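Enquirer: This is input-v8.cif (mmCIF, C-alpha atoms).
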```cif
data_coords
#
loop_
_atom_site.group_PDB
_atom_site.id
_atom_site.type_symbol
_atom_site.label_atom_id
_atom_site.label_comp_id
_atom_site.auth_asym_id
_atom_site.auth_seq_id
_atom_site.Cartn_x
_atom_site.Cartn_y
_atom_site.Cartn_z
ATOM 1 C CA MET A 30 -100.474 -109.830 24.899
ATOM 2 C CA PRO A 31 -100.681 -108.202 28.354
ATOM 3 C CA SER A 32 -97.738 -106.178 29.594
ATOM 4 C CA ARG A 33 -95.697 -107.801 32.356
ATOM 5 C CA HIS A 34 -95.111 -106.091 35.663
ATOM 6 C CA PRO A 35 -91.375 -105.361 36.051
ATOM 7 C CA ALA A 36 -89.821 -107.614 38.684
ATOM 8 C CA ARG A 37 -86.631 -105.677 39.430
ATOM 9 C CA CYS A 38 -85.878 -102.022 40.174
ATOM 10 C CA GLU A 39 -83.484 -100.549 37.606
ATOM 11 C CA ILE A 40 -82.124 -98.010 40.111
ATOM 12 C CA CYS A 41 -81.222 -100.080 43.197
ATOM 13 C CA GLY A 42 -81.473 -103.595 41.730
ATOM 14 C CA ARG A 43 -83.897 -104.936 44.339
ATOM 15 C CA GLY A 44 -85.975 -107.901 43.204
ATOM 16 C CA PRO A 45 -88.529 -110.360 44.576
ATOM 17 C CA GLN A 46 -87.754 -112.023 47.901
ATOM 18 C CA THR A 47 -88.731 -115.465 49.126
ATOM 19 C CA SER A 48 -90.300 -116.244 52.473
ATOM 20 C CA ARG A 49 -92.535 -118.811 54.130
ATOM 21 C CA GLN A 50 -96.228 -118.417 54.836
ATOM 22 C CA VAL A 51 -97.121 -120.018 58.184
ATOM 23 C CA SER A 52 -100.747 -120.786 59.017
ATOM 24 C CA HIS A 53 -102.277 -120.936 62.489
ATOM 25 C CA ALA A 54 -101.888 -124.741 62.358
ATOM 26 C CA HIS A 55 -98.229 -124.168 61.407
ATOM 27 C CA ASN A 56 -98.616 -125.503 57.863
ATOM 28 C CA VAL A 57 -95.674 -123.982 56.010
ATOM 29 C CA SER A 58 -95.628 -123.094 52.324
ATOM 30 C CA LYS A 59 -93.195 -121.058 50.249
ATOM 31 C CA ARG A 60 -94.221 -117.695 48.848
ATOM 32 C CA ARG A 61 -92.678 -114.781 46.956
ATOM 33 C CA GLN A 62 -92.876 -111.173 48.080
ATOM 34 C CA HIS A 63 -92.899 -108.814 45.097
ATOM 35 C CA LEU A 64 -91.786 -105.203 45.261
ATOM 36 C CA ASN A 65 -93.947 -102.226 44.439
ATOM 37 C CA VAL A 66 -92.216 -101.595 41.088
ATOM 38 C CA THR A 67 -93.834 -99.390 38.440
ATOM 39 C CA ARG A 68 -92.627 -97.662 35.277
ATOM 40 C CA HIS A 69 -91.981 -93.922 35.570
ATOM 41 C CA ARG A 70 -90.456 -91.289 33.331
ATOM 42 C CA VAL A 71 -87.359 -90.126 35.180
ATOM 43 C CA LEU A 72 -84.304 -88.081 34.311
ATOM 44 C CA VAL A 73 -81.298 -90.282 33.512
ATOM 45 C CA LYS A 74 -78.139 -88.254 32.718
ATOM 46 C CA GLY A 75 -80.333 -85.227 31.997
ATOM 47 C CA ALA A 76 -82.634 -86.975 29.510
ATOM 48 C CA PRO A 77 -86.119 -88.329 30.280
ATOM 49 C CA ARG A 78 -86.373 -92.120 30.126
ATOM 50 C CA SER A 79 -88.984 -94.672 31.152
ATOM 51 C CA VAL A 80 -87.507 -97.007 33.777
ATOM 52 C CA ALA A 81 -88.826 -99.484 36.356
ATOM 53 C CA VAL A 82 -88.518 -97.855 39.788
ATOM 54 C CA CYS A 83 -89.470 -99.251 43.209
ATOM 55 C CA ALA A 84 -91.429 -97.221 45.760
ATOM 56 C CA ARG A 85 -88.419 -96.955 48.081
ATOM 57 C CA CYS A 86 -86.328 -95.196 45.408
ATOM 58 C CA LEU A 87 -89.187 -92.795 44.634
ATOM 59 C CA ARG A 88 -89.734 -91.912 48.310
ATOM 60 C CA SER A 89 -86.059 -91.527 49.145
ATOM 61 C CA GLY A 90 -85.445 -89.154 46.235
ATOM 62 C CA ARG A 91 -82.948 -91.337 44.372
ATOM 63 C CA VAL A 92 -84.651 -90.424 41.093
ATOM 64 C CA LYS A 93 -85.964 -87.153 39.722
ATOM 65 C CA LYS A 94 -89.271 -87.516 37.889
ATOM 66 C CA ALA A 95 -89.390 -85.939 34.414
ATOM 67 C CA GLY A 96 -92.318 -83.722 33.640
#
```
Please go through the file and, once you have read it, give me the structure as structure tokens.
Expert:
Amino acid sequence: MPSRHPARCEICGRGPQTSRQVSHAHNVSKRRQHLNVTRHRVLVKGAPRSVAVCARCLRSGRVKKAG
């Protein structure tokens, strides 16, 4: 069974957003915009733990990577 990509950041709680894709002929269809969420080993209360973290939290320094 393949591993699923995490859909929600465990630090800030951000999840997938919905929007509309509009073609040149103005045909409109719904779409989902997924975050760049990956699993990283980070320090949580001083102990290393594997959590799903979005790219914004990694760049802004909200988490400290373990290792």
Enquirer: Using all atoms listed in the file, list the residues that have an atom at most 12 Å from (-88.1, -110.1, 45.4), coordinates as in the file, as a ChimeraX atom specification.
Expert: /A:35-38,42-48,60-66,83
Enquirer: Would you translate the PyMOL selection byres ((chain A and resi 85-93) around 8) into the concrete set of residues it matches in this file, as a list in words?
Expert: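 Output of the PyMOL selection byres ((chain A and resi 85-93) around 8): Ile40, Cys41, Val71, Leu72, Val82, Cys83, Ala84, Lys94 and Ala95 of chain A.
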Enquirer: Select, from A:Arg68, A:Lys74, A:His53, A:Lys59, the residue with the minimum atom-to-atom distance to Glu39 (chain A), counting all atoms listed in the file.
Expert: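 Answer, going by the shortest atom-to-atom distance: A:Arg68.
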Enquirer: For the atom pair CA of Gly96 (chain A) and CA of His69 (chain A), what is the interatomic distance in Å to one decimal place?
Expert: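 Straight-line distance from CA of Gly96 (chain A) to CA of His69 (chain A) works out to 10.4 Å.
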Enquirer: Please indicate the distance in Å from CA of His34 (chain A) to CA of Gly75 (chain A), rounded to one decimal place.
Expert: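 It comes out at 25.8 Å.
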Enquirer: Which centre and which edge lengths, in Å to one decimal, describe the axis-aligned box that holds all listed atoms of region 89-92 of chain A after 8 Å is added on each side, as AutoDock Vina command-line options?
Expert:
```
--center_x -84.5 --center_y -90.3 --center_z 45.1 --size_x 19.1 --size_y 18.4 --size_z 24.1
```
